[in-house]
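Everything on this sheet refers to the single structure shown next.
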Amino acid sequence: MCEFLTSAGEGSLVLIDEIGAGTDPSEGGAIALAALETLRERGATVVITTHLNVLKAQAQSDPAYRNASVEFDERTLKPLYQLRYGVPGPSLGQSLLDLCTDAFLLIFDKKISSMKDLLPVLEKVLQQGR
């Protein structure tokens with residue numbers, strides 16, 4: 001990130017996959033937003049992929065940014081290869097959980113039916129080192 005922040009400017013095209021990866025979402029979101037604002041002010045065109053909600057929200061409220069998402073079949077989690085402009089991608093966590101409920105039953109000996117149920121089970125597993 002440091003390299004393109006110091007070198008990108010008017011006419012630059014900056015492509016960033018999963019900006020803020022490996023950070024706490026609030027810290028990563030703040031850093032990513034500051035980086036995007038800097039690049040925008042310098043006249044660079046930036047395309048990013050992200051799961052950070054703060055960036056999705058910024059694109060919904062600021063006309064300088066634009067959301068787009070790739071559609072997925074929420075039942076199978078397979079991509080539909082259709083790009084939707086103006087719409088941030090939803091979290092598919094619950095769909096993934098629904099699809100993998102039998103695997104969770106085998107791994108954790110417990111039926112997991114919602115994201116709310118999953119967190120305490122994962123915390124217990126981490127504590128037990130399982």
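In the structure tokens, each chain is lettered A, B, ... as it comes, each chain's residues begin at 1, and ligands are numbered from 1 in order of appearance.
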
Name the residues of region 18-65 of chain A that fall into strand (DSSP E) according to DSSP on the backbone, using the chain letters and numbers of this document, as a list of chain:residue names.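 For region 18-65 of chain A, the strand (DSSP E) set is A:Thr45, A:Val46, A:Val47, A:Ile48.
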
Within 6 Å of region 74-79 of chain A, counting only C-alpha atoms, which residues qualify if same-chain residues fewer than 2 places away don't, as a PDB file with N, CA and C atoms, in the first residue's frame?
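Contents of out_6.pdb, freshly written:
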```
ATOM      1  N   PHE A  72     -24.322 -14.121  -6.480  1.00  0.00           N
ATOM      2  CA  PHE A  72     -24.127 -15.525  -6.138  1.00  0.00           C
ATOM      3  C   PHE A  72     -25.477 -16.169  -5.914  1.00  0.00           C
ATOM      4  N   TYR A  81     -21.956 -14.942 -12.212  1.00  0.00           N
ATOM      5  CA  TYR A  81     -21.189 -14.179 -13.209  1.00  0.00           C
ATOM      6  C   TYR A  81     -21.963 -12.988 -13.752  1.00  0.00           C
ATOM      7  N   SER A  95     -25.896 -18.212   4.573  1.00  0.00           N
ATOM      8  CA  SER A  95     -26.042 -19.190   3.489  1.00  0.00           C
ATOM      9  C   SER A  95     -24.972 -20.261   3.583  1.00  0.00           C
TER      10      SER A  95
END
```

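Counting only C-alpha atoms and comparing A:Glu3, A:Glu123, A:Glu10, A:Glu27, the residue that lies closest to Gly43 (chain A) is A:Glu10.
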
In Å to one decimal, how far is CA of Ala68 (chain A) from CA of Gly93 (chain A)?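 If I compute the distance from CA of Gly93 (chain A) to CA of Ala68 (chain A), I get 18.9 Å.
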
Which neighbours of Leu13 (chain A) fall inside 7 Å, counting only C-alpha atoms, when residues of the same chain fewer than 6 positions from it are skipped, and could you give them as a VMD selection string? chain A and resid 44 to 46

Generate the output file for the selected residues, all heavy atoms, as a PDB file, in the first residue's frame.
```
ATOM      1  N   ALA A  44      -6.258   9.568  -9.081  1.00  0.00           N
ATOM      2  CA  ALA A  44      -6.106   8.169  -9.490  1.00  0.00           C
ATOM      3  C   ALA A  44      -7.480   7.512  -9.591  1.00  0.00           C
ATOM      4  O   ALA A  44      -8.416   7.885  -8.880  1.00  0.00           O
ATOM      5  CB  ALA A  44      -5.243   7.407  -8.484  1.00  0.00           C
ATOM      6  N   THR A  45      -7.593   6.559 -10.478  1.00  0.00           N
ATOM      7  CA  THR A  45      -8.774   5.708 -10.562  1.00  0.00           C
ATOM      8  C   THR A  45      -8.453   4.451  -9.773  1.00  0.00           C
ATOM      9  O   THR A  45      -7.416   3.823  -9.994  1.00  0.00           O
ATOM     10  CB  THR A  45      -9.101   5.346 -12.024  1.00  0.00           C
ATOM     11  OG1 THR A  45      -9.377   6.561 -12.732  1.00  0.00           O
ATOM     12  CG2 THR A  45     -10.282   4.410 -12.114  1.00  0.00           C
ATOM     13  N   VAL A  46      -9.344   4.088  -8.852  1.00  0.00           N
ATOM     14  CA  VAL A  46      -9.075   2.967  -7.958  1.00  0.00           C
ATOM     15  C   VAL A  46     -10.217   1.965  -8.038  1.00  0.00           C
ATOM     16  O   VAL A  46     -11.389   2.341  -7.988  1.00  0.00           O
ATOM     17  CB  VAL A  46      -8.924   3.446  -6.495  1.00  0.00           C
ATOM     18  CG1 VAL A  46      -8.568   2.292  -5.584  1.00  0.00           C
ATOM     19  CG2 VAL A  46      -7.878   4.548  -6.398  1.00  0.00           C
TER      20      VAL A  46
END
```
